[in-house]
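Source file: coords.txt. Holds: compact mmCIF, C-alpha atoms and all ligand atoms.
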```txt
# COMPACT_ATOMS: atom_id res chain seq x y z
CA MET A 201 -4.07 -8.32 -8.22
CA HIS A 202 -1.12 -9.84 -6.48
CA ALA A 203 1.96 -10.59 -8.60
CA TRP A 204 4.45 -13.34 -7.74
CA PRO A 205 7.46 -13.62 -5.42
CA ALA A 206 10.74 -12.01 -6.44
CA SER A 207 13.89 -14.07 -6.62
CA GLU A 208 16.84 -12.36 -5.02
CA VAL A 209 19.14 -10.30 -7.27
CA PRO A 210 22.72 -10.46 -5.99
CA ALA A 211 24.73 -7.23 -6.02
CA LEU A 212 27.82 -7.33 -8.23
CA PRO A 213 31.21 -5.68 -7.93
CA GLY A 214 31.93 -2.75 -10.25
CA GLN A 215 29.62 -0.52 -12.26
CA GLY A 216 26.50 -1.39 -14.22
CA ARG A 217 25.98 -0.12 -17.79
CA ASP A 218 23.30 2.17 -19.14
CA LEU A 219 20.99 0.59 -21.67
CA ARG A 220 20.89 1.30 -25.40
CA ILE A 221 17.84 -0.33 -26.87
CA HIS A 222 16.00 -0.54 -30.16
CA ASP A 223 12.96 1.74 -30.36
CA THR A 224 10.30 0.77 -32.89
CA ALA A 225 9.05 4.37 -33.15
CA THR A 226 12.35 5.83 -34.30
CA GLY A 227 13.61 2.63 -35.90
CA GLY A 228 17.01 2.83 -34.22
CA LEU A 229 18.88 2.43 -30.97
CA VAL A 230 18.13 4.94 -28.21
CA SER A 231 20.27 5.55 -25.12
CA LEU A 232 17.88 5.51 -22.21
CA ASP A 233 18.48 7.90 -19.38
CA PRO A 234 16.07 6.92 -16.62
CA GLY A 235 16.00 8.76 -13.33
CA PRO A 236 16.76 7.02 -10.03
CA VAL A 237 13.49 5.13 -10.55
CA ALA A 238 13.26 3.65 -14.04
CA ARG A 239 9.70 3.16 -15.30
CA ILE A 240 8.54 0.31 -17.51
CA TYR A 241 5.15 -0.96 -18.66
CA VAL A 242 4.95 -4.44 -20.16
CA CYS A 243 1.74 -5.75 -21.67
CA GLY A 244 0.55 -8.81 -19.78
CA ILE A 245 -1.27 -11.95 -20.85
CA THR A 246 -4.85 -12.52 -21.87
CA PRO A 247 -5.40 -15.46 -19.53
CA TYR A 248 -7.39 -17.98 -21.54
CA ASP A 249 -4.67 -20.58 -21.98
CA ALA A 250 -1.37 -21.51 -20.34
CA THR A 251 1.86 -19.56 -20.76
CA HIS A 252 3.71 -20.71 -23.87
CA ILE A 253 7.34 -20.30 -24.85
CA GLY A 254 6.52 -17.24 -26.98
CA HIS A 255 5.11 -15.40 -23.97
CA ALA A 256 8.07 -16.49 -21.86
CA ALA A 257 10.53 -15.21 -24.49
CA THR A 258 8.87 -11.79 -24.51
CA TYR A 259 8.81 -11.53 -20.70
CA ASN A 260 12.44 -12.66 -20.64
CA ALA A 261 13.42 -9.64 -22.75
CA PHE A 262 11.83 -7.20 -20.33
CA ASP A 263 13.21 -9.04 -17.33
CA LEU A 264 16.67 -8.33 -18.77
CA VAL A 265 15.79 -4.63 -19.04
CA GLN A 266 15.02 -4.62 -15.33
CA ARG A 267 18.20 -6.51 -14.46
CA VAL A 268 20.37 -4.04 -16.40
CA TRP A 269 18.74 -1.15 -14.56
CA LEU A 270 19.04 -2.83 -11.16
CA ASP A 271 22.74 -3.35 -11.87
CA THR A 272 23.06 0.45 -12.20
CA LYS A 273 21.65 0.69 -8.64
CA ARG A 274 18.41 2.19 -9.89
CA GLN A 275 15.06 1.16 -8.59
CA VAL A 276 12.60 -0.14 -11.15
CA HIS A 277 8.93 0.70 -11.22
CA TYR A 278 7.50 -2.09 -13.32
CA VAL A 279 3.82 -2.30 -14.22
CA GLN A 280 2.09 -5.16 -16.00
CA ASN A 281 -1.57 -5.75 -16.80
CA VAL A 282 -3.75 -8.84 -17.17
CA THR A 283 -6.40 -8.57 -19.88
CA ASP A 284 -8.89 -10.45 -17.73
CA VAL A 285 -11.91 -9.55 -19.83
CA ASP A 286 -11.81 -9.59 -23.63
CA ASP A 287 -13.38 -11.41 -26.58
CA PRO A 288 -10.91 -14.33 -26.79
CA LEU A 289 -11.27 -15.10 -23.08
CA LEU A 290 -15.09 -15.02 -23.23
CA GLU A 291 -15.08 -17.15 -26.41
CA ARG A 292 -12.80 -19.81 -24.87
CA ALA A 293 -14.90 -19.94 -21.68
CA GLU A 294 -18.05 -20.35 -23.79
CA ARG A 295 -16.44 -23.06 -25.96
CA ASP A 296 -15.31 -25.05 -22.93
CA GLY A 297 -18.46 -24.44 -20.89
CA VAL A 298 -16.54 -22.88 -18.00
CA ASP A 299 -16.99 -19.66 -16.06
CA TRP A 300 -14.85 -16.91 -17.64
CA VAL A 301 -13.76 -15.56 -14.23
CA ALA A 302 -12.62 -19.01 -13.09
CA LEU A 303 -10.76 -19.55 -16.38
CA ALA A 304 -8.94 -16.21 -16.06
CA GLU A 305 -8.03 -16.89 -12.44
CA LYS A 306 -6.75 -20.38 -13.19
CA GLU A 307 -4.55 -19.29 -16.09
CA THR A 308 -3.26 -16.22 -14.25
CA ALA A 309 -2.29 -18.44 -11.30
CA LEU A 310 -0.41 -20.75 -13.66
CA PHE A 311 1.31 -17.74 -15.27
CA ARG A 312 2.52 -16.62 -11.83
CA GLU A 313 3.94 -20.09 -11.18
CA ASP A 314 5.70 -20.14 -14.55
CA MET A 315 7.15 -16.66 -14.07
CA THR A 316 8.38 -17.60 -10.59
CA ALA A 317 10.00 -20.81 -11.86
CA LEU A 318 11.73 -18.87 -14.66
CA ARG A 319 13.00 -16.26 -12.16
CA MET A 320 11.25 -13.39 -13.92
CA LEU A 321 11.13 -10.42 -11.56
CA PRO A 322 7.55 -9.47 -10.67
CA PRO A 323 5.92 -6.12 -11.46
CA ARG A 324 5.40 -3.70 -8.60
CA HIS A 325 1.82 -3.23 -9.80
CA TYR A 326 0.00 -6.14 -11.43
CA ILE A 327 -3.36 -4.84 -12.57
CA GLY A 328 -6.35 -6.59 -14.14
CA ALA A 329 -8.54 -4.92 -16.78
CA VAL A 330 -11.61 -5.48 -14.62
CA GLU A 331 -10.12 -3.73 -11.60
CA ALA A 332 -8.99 -0.87 -13.88
CA ILE A 333 -12.52 -0.11 -15.16
CA PRO A 334 -13.20 2.75 -12.70
CA GLY A 335 -10.11 4.49 -14.10
CA ILE A 336 -10.89 3.69 -17.73
CA VAL A 337 -14.41 5.16 -17.83
CA PRO A 338 -13.39 8.79 -17.11
CA LEU A 339 -10.65 8.59 -19.76
CA VAL A 340 -13.15 7.49 -22.40
CA GLU A 341 -15.50 10.26 -21.29
CA ARG A 342 -12.68 12.79 -21.63
CA LEU A 343 -11.81 11.55 -25.13
CA ARG A 344 -15.46 11.81 -26.12
CA ASP A 345 -15.82 15.29 -24.59
CA ALA A 346 -12.69 16.40 -26.48
CA GLY A 347 -14.31 15.29 -29.75
CA ALA A 348 -11.80 12.43 -30.20
CA ALA A 349 -14.39 9.68 -29.73
CA TYR A 350 -17.82 8.98 -31.17
CA GLU A 351 -20.70 6.62 -30.63
CA LEU A 352 -21.83 3.87 -32.98
CA ASP A 353 -24.91 1.89 -31.89
CA GLY A 354 -23.99 2.42 -28.25
CA ASP A 355 -20.32 1.45 -28.67
CA VAL A 356 -17.72 4.21 -28.34
CA TYR A 357 -14.89 4.47 -30.91
CA PHE A 358 -11.66 6.46 -30.83
CA SER A 359 -11.10 8.63 -33.86
CA VAL A 360 -7.53 8.07 -35.10
CA GLY A 361 -7.88 11.28 -37.12
CA SER A 362 -7.83 13.25 -33.85
CA ASP A 363 -4.15 12.43 -33.26
CA PRO A 364 -1.58 14.32 -35.35
CA ASN A 365 1.03 11.71 -34.42
CA PHE A 366 -1.02 8.67 -35.39
CA GLY A 367 1.28 6.19 -37.17
CA ARG A 368 4.50 7.27 -35.51
CA VAL A 369 4.93 4.16 -33.37
CA SER A 370 4.62 1.49 -36.06
CA GLY A 371 5.47 3.64 -39.09
CA LEU A 372 3.08 1.54 -41.23
CA ASP A 373 1.03 2.77 -44.18
CA ALA A 374 -2.77 2.71 -44.18
CA ALA A 375 -3.06 -0.52 -46.20
CA ALA A 376 -0.76 -2.45 -43.88
CA MET A 377 -2.58 -1.04 -40.87
CA ARG A 378 -5.91 -2.14 -42.23
CA LEU A 379 -4.73 -5.72 -42.74
CA LEU A 380 -3.24 -5.94 -39.26
CA SER A 381 -6.26 -4.31 -37.68
CA ALA A 382 -8.49 -7.09 -39.07
CA GLU A 383 -6.04 -9.76 -37.86
CA ARG A 384 -5.48 -8.36 -34.41
CA GLY A 385 -8.82 -7.65 -32.78
CA GLY A 386 -9.97 -4.61 -34.82
CA ASP A 387 -13.14 -4.34 -36.92
CA PRO A 388 -12.15 -2.31 -40.02
CA ASP A 389 -15.16 -3.53 -42.00
CA ARG A 390 -17.84 -2.43 -39.55
CA PRO A 391 -20.13 0.04 -41.37
CA GLY A 392 -20.57 3.50 -39.91
CA LYS A 393 -17.03 4.07 -38.63
CA LYS A 394 -15.33 7.38 -39.45
CA ASN A 395 -12.09 5.60 -40.27
CA PRO A 396 -11.90 1.80 -40.67
CA LEU A 397 -8.92 1.78 -38.29
CA ASP A 398 -10.76 3.48 -35.40
CA PRO A 399 -10.55 1.16 -32.37
CA MET A 400 -13.23 0.58 -29.78
CA LEU A 401 -12.87 2.34 -26.45
CA TRP A 402 -16.03 1.07 -24.79
CA MET A 403 -18.25 -1.79 -25.91
CA ALA A 404 -21.91 -1.48 -24.93
CA ALA A 405 -23.24 -4.45 -22.92
CA ARG A 406 -24.08 -7.50 -25.06
CA GLU A 407 -26.71 -10.09 -24.15
CA GLY A 408 -25.16 -12.88 -22.08
CA GLU A 409 -21.80 -11.10 -21.65
CA PRO A 410 -20.39 -9.46 -18.52
CA SER A 411 -20.77 -5.69 -18.26
CA TRP A 412 -19.95 -2.91 -15.82
CA ASP A 413 -21.31 0.50 -14.96
CA GLY A 414 -19.77 2.97 -17.42
CA GLY A 415 -21.28 6.19 -16.04
CA SER A 416 -22.37 8.38 -18.95
CA LEU A 417 -21.13 5.67 -21.38
CA GLY A 418 -23.78 3.23 -20.22
CA ARG A 419 -23.13 -0.36 -19.17
CA GLY A 420 -20.40 -2.14 -21.05
CA ARG A 421 -16.77 -3.22 -20.99
CA PRO A 422 -13.51 -1.55 -21.96
CA GLY A 423 -11.65 -1.76 -25.25
CA TRP A 424 -8.20 -3.32 -25.24
CA HIS A 425 -5.89 -0.35 -25.93
CA ILE A 426 -7.45 2.06 -23.44
CA GLU A 427 -7.00 -0.62 -20.77
CA CYS A 428 -3.21 -0.42 -20.99
CA VAL A 429 -3.19 3.38 -21.32
CA ALA A 430 -5.32 3.81 -18.20
CA ILE A 431 -3.12 1.46 -16.17
CA ALA A 432 0.14 2.94 -17.46
CA LEU A 433 -0.88 6.57 -16.90
CA ASP A 434 -2.30 5.79 -13.48
CA HIS A 435 0.84 4.05 -12.20
CA LEU A 436 3.68 5.54 -14.27
CA GLY A 437 2.46 8.79 -15.82
CA MET A 438 3.49 10.08 -19.27
CA GLY A 439 6.97 9.78 -20.72
CA PHE A 440 7.98 6.60 -18.92
CA ASP A 441 11.09 4.80 -20.12
CA VAL A 442 9.95 1.63 -21.89
CA GLN A 443 6.71 0.21 -23.19
CA GLY A 444 7.19 -3.42 -24.03
CA GLY A 445 5.55 -6.37 -25.70
CA GLY A 446 5.91 -8.78 -28.58
CA SER A 447 6.24 -7.40 -32.12
CA ASP A 448 2.59 -8.25 -32.78
CA LEU A 449 1.66 -5.46 -30.34
CA ALA A 450 3.38 -2.63 -32.25
CA PHE A 451 0.26 -2.27 -34.36
CA PRO A 452 -2.51 -1.76 -33.47
CA HIS A 453 -2.06 -2.02 -29.71
CA HIS A 454 0.87 0.28 -28.97
CA GLU A 455 0.06 2.64 -31.84
CA MET A 456 -3.49 3.12 -30.56
CA GLY A 457 -2.33 3.41 -26.97
CA ALA A 458 0.11 6.16 -27.92
CA SER A 459 -2.72 7.94 -29.75
CA HIS A 460 -5.12 7.73 -26.83
CA ALA A 461 -2.43 9.09 -24.52
CA GLN A 462 -1.46 11.85 -26.98
CA VAL A 463 -5.03 13.17 -27.16
CA LEU A 464 -5.53 12.83 -23.40
CA THR A 465 -2.32 14.61 -22.39
CA GLY A 466 -1.18 16.54 -25.46
CA GLU A 467 2.18 14.77 -25.21
CA PHE A 468 4.18 12.42 -27.40
CA PRO A 469 5.67 9.94 -26.85
CA MET A 470 4.01 8.06 -24.03
CA ALA A 471 7.19 5.97 -23.71
CA GLN A 472 10.82 6.92 -24.45
CA ALA A 473 11.26 3.59 -26.21
CA TYR A 474 8.76 1.20 -27.74
CA VAL A 475 10.49 -2.13 -27.43
CA HIS A 476 9.27 -5.22 -29.25
CA ALA A 477 10.37 -8.82 -28.96
CA GLY A 478 10.44 -11.20 -31.92
CA MET A 479 7.94 -14.00 -32.39
CA VAL A 480 8.67 -17.59 -31.42
CA ALA A 481 7.38 -20.17 -33.87
CA LEU A 482 6.63 -23.87 -33.73
CA ASP A 483 6.47 -26.01 -36.88
CA GLY A 484 7.07 -22.96 -39.05
CA GLU A 485 4.24 -20.82 -37.68
CA LYS A 486 4.03 -18.20 -34.94
CA MET A 487 3.15 -19.91 -31.67
CA SER A 488 -0.31 -18.65 -30.82
CA LYS A 489 -3.20 -19.57 -28.62
CA SER A 490 -5.61 -19.16 -31.51
CA ARG A 491 -3.60 -21.56 -33.75
CA GLY A 492 -2.92 -23.98 -30.91
CA ASN A 493 0.69 -24.80 -31.95
CA LEU A 494 2.01 -24.36 -28.45
CA VAL A 495 4.77 -25.49 -26.14
CA PHE A 496 3.70 -24.69 -22.59
CA VAL A 497 6.18 -23.70 -19.91
CA SER A 498 4.11 -25.60 -17.33
CA LYS A 499 4.14 -28.78 -19.42
CA LEU A 500 7.92 -28.67 -19.78
CA ARG A 501 8.23 -28.16 -16.03
CA GLN A 502 5.89 -31.10 -15.39
CA ASP A 503 8.05 -33.22 -17.66
CA GLY A 504 10.97 -32.45 -15.38
CA VAL A 505 12.77 -29.90 -17.56
CA ASP A 506 14.84 -27.57 -15.37
CA PRO A 507 13.42 -24.00 -15.59
CA ALA A 508 17.01 -22.73 -15.81
CA ALA A 509 17.40 -24.69 -19.06
CA ILE A 510 14.16 -23.19 -20.42
CA ARG A 511 15.49 -19.76 -19.56
CA LEU A 512 18.83 -20.48 -21.21
CA THR A 513 16.94 -21.52 -24.37
CA LEU A 514 15.24 -18.11 -24.43
CA LEU A 515 18.51 -16.29 -23.74
CA ALA A 516 20.26 -18.08 -26.61
CA HIS A 517 18.16 -16.02 -29.07
CA HIS A 518 18.42 -12.27 -29.46
CA TYR A 519 15.16 -10.81 -28.19
CA ARG A 520 14.39 -9.06 -31.49
CA ALA A 521 14.90 -12.17 -33.61
CA ASP A 522 12.04 -14.39 -34.72
CA TRP A 523 13.03 -17.96 -33.94
CA GLU A 524 11.72 -21.48 -33.87
CA TRP A 525 11.35 -23.74 -30.84
CA THR A 526 12.74 -27.24 -31.48
CA ASP A 527 13.83 -30.12 -29.27
CA GLN A 528 17.37 -29.30 -30.33
CA VAL A 529 17.40 -25.74 -28.95
CA LEU A 530 16.31 -27.12 -25.58
CA THR A 531 18.88 -29.93 -25.68
CA ASP A 532 21.62 -27.37 -26.45
CA ALA A 533 20.55 -25.25 -23.49
CA GLN A 534 20.53 -28.28 -21.18
CA ALA A 535 24.09 -29.13 -22.25
CA ARG A 536 25.20 -25.54 -21.69
CA LEU A 537 23.61 -25.48 -18.23
CA GLY A 538 25.50 -28.66 -17.36
CA ARG A 539 28.82 -27.15 -18.51
CA TRP A 540 28.23 -23.94 -16.57
CA ARG A 541 27.22 -25.75 -13.39
CA ALA A 542 30.32 -27.94 -13.56
CA ALA A 543 32.49 -24.86 -14.10
CA VAL A 544 31.17 -22.98 -11.06
CA SER A 545 31.21 -26.01 -8.77
CA ARG A 546 34.95 -25.59 -8.05
CA PRO A 547 36.24 -23.16 -5.42
CA ASP A 548 38.67 -21.44 -7.79
CA GLY A 549 38.97 -20.70 -11.48
CA PRO A 550 40.03 -18.18 -14.14
CA PRO A 551 39.56 -14.51 -13.18
CA ALA A 552 35.91 -13.40 -13.35
CA GLU A 553 36.08 -9.57 -13.44
CA ALA A 554 36.49 -9.32 -17.21
CA LEU A 555 33.61 -11.74 -17.74
CA VAL A 556 31.27 -9.66 -15.57
CA GLU A 557 32.17 -6.63 -17.70
CA GLU A 558 31.57 -8.57 -20.91
CA ILE A 559 28.10 -9.63 -19.78
CA ARG A 560 27.30 -6.05 -18.81
CA GLU A 561 28.60 -4.74 -22.13
CA ALA A 562 26.56 -7.29 -24.11
CA LEU A 563 23.29 -6.61 -22.29
CA GLY A 564 23.74 -2.84 -22.36
CA ASN A 565 24.02 -3.13 -26.13
CA ASP A 566 20.36 -3.80 -27.04
CA LEU A 567 20.14 -6.77 -24.66
CA ASP A 568 22.53 -8.97 -26.60
CA ALA A 569 22.00 -12.07 -24.47
CA PRO A 570 23.57 -14.47 -27.01
CA ALA A 571 26.83 -12.47 -26.74
CA ALA A 572 26.59 -12.68 -22.94
CA LEU A 573 26.14 -16.47 -23.14
CA ALA A 574 29.13 -16.75 -25.47
CA ALA A 575 31.28 -14.89 -22.93
CA VAL A 576 30.23 -17.27 -20.13
CA ASP A 577 30.87 -20.21 -22.47
CA ARG A 578 34.46 -19.00 -22.98
CA TRP A 579 35.05 -18.70 -19.25
CA ALA A 580 33.54 -22.17 -18.63
CA ALA A 581 35.72 -23.69 -21.39
CA LEU A 582 38.82 -22.11 -19.88
CA GLN A 583 37.86 -23.44 -16.48
CA GLN A 584 37.35 -26.92 -17.89
CA GLU A 585 40.58 -26.99 -19.91
CA HIS A 586 43.03 -25.14 -17.69
CA GLY A 587 41.29 -24.34 -14.42
CA GLY A 588 42.50 -21.23 -12.61
CA THR A 589 43.76 -19.99 -9.30
CA ASP A 590 41.38 -17.14 -8.49
CA ILE A 591 39.70 -18.11 -5.25
CA GLY A 592 36.03 -17.17 -5.37
CA ALA A 593 35.90 -16.54 -9.12
CA PRO A 594 33.25 -19.25 -9.69
CA GLY A 595 31.09 -17.60 -7.03
CA VAL A 596 31.35 -14.24 -8.80
CA VAL A 597 30.36 -15.89 -12.10
CA SER A 598 27.44 -17.61 -10.43
CA ARG A 599 26.20 -14.35 -8.95
CA ALA A 600 26.63 -12.46 -12.24
CA VAL A 601 24.73 -15.12 -14.20
CA ASP A 602 21.96 -14.97 -11.59
CA ALA A 603 21.80 -11.16 -11.27
CA LEU A 604 22.10 -10.28 -14.96
CA LEU A 605 20.60 -13.30 -16.74
CA GLY A 606 18.19 -14.69 -14.16
CA VAL A 607 19.74 -18.15 -14.27
CA ALA A 608 20.43 -19.97 -11.00
CA LEU A 609 23.47 -22.19 -11.33
N1 LIG A 701 -3.13 -8.99 -23.10
C1 LIG A 701 -2.55 -8.58 -24.33
C2 LIG A 701 -1.56 -7.45 -24.14
S1 LIG A 701 -2.24 -6.08 -23.28
C3 LIG A 701 -1.86 -9.74 -25.05
O1 LIG A 701 -1.35 -9.52 -26.13
N2 LIG A 701 -1.88 -10.92 -24.43
S2 LIG A 701 -1.24 -12.26 -25.04
O2 LIG A 701 -1.46 -13.27 -24.01
O3 LIG A 701 -1.79 -12.52 -26.32
O4 LIG A 701 0.28 -12.02 -25.23
C4 LIG A 701 1.12 -11.70 -24.12
C5 LIG A 701 2.49 -11.24 -24.64
O5 LIG A 701 3.14 -12.33 -25.30
C6 LIG A 701 2.41 -10.10 -25.67
O6 LIG A 701 3.49 -9.21 -25.45
C7 LIG A 701 2.60 -10.81 -27.00
O7 LIG A 701 3.17 -9.97 -27.97
C8 LIG A 701 3.55 -11.93 -26.59
N3 LIG A 701 3.48 -13.09 -27.50
C9 LIG A 701 2.37 -13.77 -27.89
N4 LIG A 701 2.70 -14.77 -28.73
C10 LIG A 701 4.06 -14.73 -28.89
C11 LIG A 701 5.01 -15.51 -29.63
N5 LIG A 701 4.65 -16.52 -30.38
N6 LIG A 701 6.32 -15.17 -29.53
C12 LIG A 701 6.72 -14.12 -28.73
N7 LIG A 701 5.87 -13.36 -28.01
C13 LIG A 701 4.56 -13.67 -28.09
ZN ZN A 702 -1.30 -4.02 -23.50
```
Starting from the coordinates I provided, produce the structure as structure tokens.
Amino acid sequence: MHAWPASEVPALPGQGRDLRIHDTATGGLVSLDPGPVARIYVCGITPYDATHIGHAATYNAFDLVQRVWLDTKRQVHYVQNVTDVDDPLLERAERDGVDWVALAEKETALFREDMTALRMLPPRHYIGAVEAIPGIVPLVERLRDAGAAYELDGDVYFSVGSDPNFGRVSGLDAAAMRLLSAERGGDPDRPGKKNPLDPMLWMAAREGEPSWDGGSLGRGRPGWHIECVAIALDHLGMGFDVQGGGSDLAFPHHEMGASHAQVLTGEFPMAQAYVHAGMVALDGEKMSKSRGNLVFVSKLRQDGVDPAAIRLTLLAHHYRADWEWTDQVLTDAQARLGRWRAAVSRPDGPPAEALVEEIREALGNDLDAPAALAAVDRWAALQQEHGGTDIGAPGVVSRAVDALLGVAL
């Protein structure tokens, strides 16, 4: 699949900072030490509805990861998937009487537009589940041949008992896992499974549903977790730097993915850091396509809201925090954007070097975007109250805010 166009990332004076980031698997901060090419996999959308603010907040977090790395003069190898065949997509297409392929294409196209408007840097490889099927089938066959997968009425399940490290990503106990499995696409109550938590790797063809040639697995379609493992291993290999997504992906999705990869390669961890963004709520509940309590990025754009203000709303919340979207948080961001634009519109101002370092320091410290915004606020307030004589300082601030925060002033 094609991704979306990249906005330019201006180069900044001075030295970028290495990234310390919270890793769900170890429960603490880890100092990442990527090579000259940093590797990151971020779970993409299931395209059955438009991009909402919760999605945008999660992608914003991983966009910051890229920007911190780019500032250290590294290249970034960023991979993202699109779950373009799965139960929720087929169910929505059925409900609305539309073709599931057309629905997925339409929503993916809108996602690209939203990401472009928000200045999110595109992945180098943007891969759909359907196009990944030829790579998924041999992995499932290998898991089965290794005794880590079994068949149940034609469907193939992964046996979580085959992975000595199962549970190390989320750190949850069996009872909590069982609850979340039922909530998040698993089928713990299906009779005949070896362990209620075992996830599906390959679903045998169902009447009236799309299916593909699965070689020795028979016709069917892939399970959700193996999709991301196949794409990540194909494009990044084991031991890449960051696997990212919202906190609702820690279990089962990233736990199961780590297990599949462990059995396939004998290695743990698949990623040096499992990084999870908090959940954005609306009216007191997690924003979710299934609940329908959504604020769409595209709708805000249609209503004339500046994408830079949407982005500043996201940045005003630490990526790991759960937070609530309200009219007020958007209004605050619009006011801030106005203050910043006024401050950089003059040819001179207070010195900018220390501010650039403060933004770097804040982001390097577990992507503390609110601290970075506070630093820019202080510079803008100084500019407004006292001005300054440094010629070109506003230009430096503008470039730093663009390069490190993805906001065009
Ligand atoms: N296709 C899978 C991942 S392989 C999927 O979870 N798709 S999704 O469309 O449901 O979600 C896309 C990303 O947005 C995931 O990282 C998910 O954790 C995140 N996300 C979903 N809802 C919210 C929310 N309310 N707040 C923050 N992030 C969210
Ligand atoms: Zn995924």
Please find the residues contacting ligand ZN 702 (chain A) at a distance of at most 8 Å between atoms, with only C-alpha atoms and all ligand atoms counted, and report them as a ChimeraX atom specification. /A:242-244,281,283,424-425,427-429,445,449,453-454
Would you mind exporting C-alpha atoms of the selected residues as an mmCIF file, keeping the file's coordinate frame?
```
data_model
loop_
_atom_site.group_PDB
_atom_site.id
_atom_site.type_symbol
_atom_site.label_atom_id
_atom_site.label_comp_id
_atom_site.auth_asym_id
_atom_site.auth_seq_id
_atom_site.Cartn_x
_atom_site.Cartn_y
_atom_site.Cartn_z
ATOM 1 C CA VAL A 242 4.950 -4.440 -20.160
ATOM 2 C CA CYS A 243 1.740 -5.750 -21.670
ATOM 3 C CA GLY A 244 0.550 -8.810 -19.780
ATOM 4 C CA ASN A 281 -1.570 -5.750 -16.800
ATOM 5 C CA THR A 283 -6.400 -8.570 -19.880
ATOM 6 C CA TRP A 424 -8.200 -3.320 -25.240
ATOM 7 C CA HIS A 425 -5.890 -0.350 -25.930
ATOM 8 C CA GLU A 427 -7.000 -0.620 -20.770
ATOM 9 C CA CYS A 428 -3.210 -0.420 -20.990
ATOM 10 C CA VAL A 429 -3.190 3.380 -21.320
ATOM 11 C CA GLY A 445 5.550 -6.370 -25.700
ATOM 12 C CA LEU A 449 1.660 -5.460 -30.340
ATOM 13 C CA HIS A 453 -2.060 -2.020 -29.710
ATOM 14 C CA HIS A 454 0.870 0.280 -28.970
#
```
Could you list the protein, DNA and RNA residues that have any atom within 6 Å of ligand LIG 701 (chain A), counting all atoms listed in the file, and write them as a list in words? Cys243, Gly244, Ile245, Thr246, Gly254, His255, Ala257, Thr258, Val282, Thr283, Gly445, Gly446, Ser447, Asp448, Leu449, Gly478, Met479, Val480, Ala481, Lys486, Met487 and Ser488 of chain A
Okay, now the selection with C-alpha atoms, as a PDB file, in the coordinates of the input?
```pdb
ATOM      1  CA  CYS A 243       1.740  -5.750 -21.670  1.00  0.00           C
ATOM      2  CA  GLY A 244       0.550  -8.810 -19.780  1.00  0.00           C
ATOM      3  CA  ILE A 245      -1.270 -11.950 -20.850  1.00  0.00           C
ATOM      4  CA  THR A 246      -4.850 -12.520 -21.870  1.00  0.00           C
ATOM      5  CA  GLY A 254       6.520 -17.240 -26.980  1.00  0.00           C
ATOM      6  CA  HIS A 255       5.110 -15.400 -23.970  1.00  0.00           C
ATOM      7  CA  ALA A 257      10.530 -15.210 -24.490  1.00  0.00           C
ATOM      8  CA  THR A 258       8.870 -11.790 -24.510  1.00  0.00           C
ATOM      9  CA  VAL A 282      -3.750  -8.840 -17.170  1.00  0.00           C
ATOM     10  CA  THR A 283      -6.400  -8.570 -19.880  1.00  0.00           C
ATOM     11  CA  GLY A 445       5.550  -6.370 -25.700  1.00  0.00           C
ATOM     12  CA  GLY A 446       5.910  -8.780 -28.580  1.00  0.00           C
ATOM     13  CA  SER A 447       6.240  -7.400 -32.120  1.00  0.00           C
ATOM     14  CA  ASP A 448       2.590  -8.250 -32.780  1.00  0.00           C
ATOM     15  CA  LEU A 449       1.660  -5.460 -30.340  1.00  0.00           C
ATOM     16  CA  GLY A 478      10.440 -11.200 -31.920  1.00  0.00           C
ATOM     17  CA  MET A 479       7.940 -14.000 -32.390  1.00  0.00           C
ATOM     18  CA  VAL A 480       8.670 -17.590 -31.420  1.00  0.00           C
ATOM     19  CA  ALA A 481       7.380 -20.170 -33.870  1.00  0.00           C
ATOM     20  CA  LYS A 486       4.030 -18.200 -34.940  1.00  0.00           C
ATOM     21  CA  MET A 487       3.150 -19.910 -31.670  1.00  0.00           C
ATOM     22  CA  SER A 488      -0.310 -18.650 -30.820  1.00  0.00           C
TER      23      SER A 488
END
```
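Residues surrounding Val596 of chain A within 10 Å are Pro210, Leu212, Pro213, Val544, Pro551, Ala552, Glu553, Leu555, Val556, Ile591, Gly592, Ala593, Pro594, Ser598, Arg599, Ala600, Val601 and Asp602 of chain A [all atoms listed in the file; sequence separation below 2 positions excluded].
The environment of Gly216 of chain A within 10 Å, counting all atoms listed in the file and disregarding residues fewer than 3 places along the same chain, consists of Leu212, Pro213, Leu219, Arg267, Val268, Trp269, Leu270, Asp271, Thr272, Lys273, Arg274, Val556, Glu557, Arg560, Glu561, Gly564 and Leu604 of chain A.
As for atom CA of Pro422 of chain A and atom CA of Trp402 of chain A, they are spaced 4.6 Å apart.
Near Gln528 of chain A, within 12 Å and counting only C-alpha atoms, sit Thr513, Gln534 and Ala535 of chain A, not including residues fewer than 6 positions from it in the same chain.
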Let me make sure I understand: among A:Asp355, A:Leu605, A:Asp345, A:Val209, which one has the smallest atom-to-atom distance to Arg406 of chain A if we use only C-alpha atoms? A:Asp355
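Closest approach to Asp314 of chain A among A:Ile327, A:Ile510, A:Met400, A:Ala349: A:Ile510, based on only C-alpha atoms.
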Please check which residues have atoms at most 12 Å from (2.5, -18.6, -7.4) in the file's coordinates, counting all atoms listed in the file, and write them as number ranges by chain. A: 202-206, 305-319, 322
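Atom to atom, atom CA of Val230 of chain A and atom CA of Val475 of chain A stand 10.4 Å apart.
Using only C-alpha atoms, the set of residues no farther than 8 Å from the position (1.2, -23.0, -25.9) comprises Asp249, Ala250, Thr251, His252, Ile253, Gly254, Met487, Ser488, Lys489, Gly492, Asn493, Leu494, Val495, Phe496 and Val497 of chain A.
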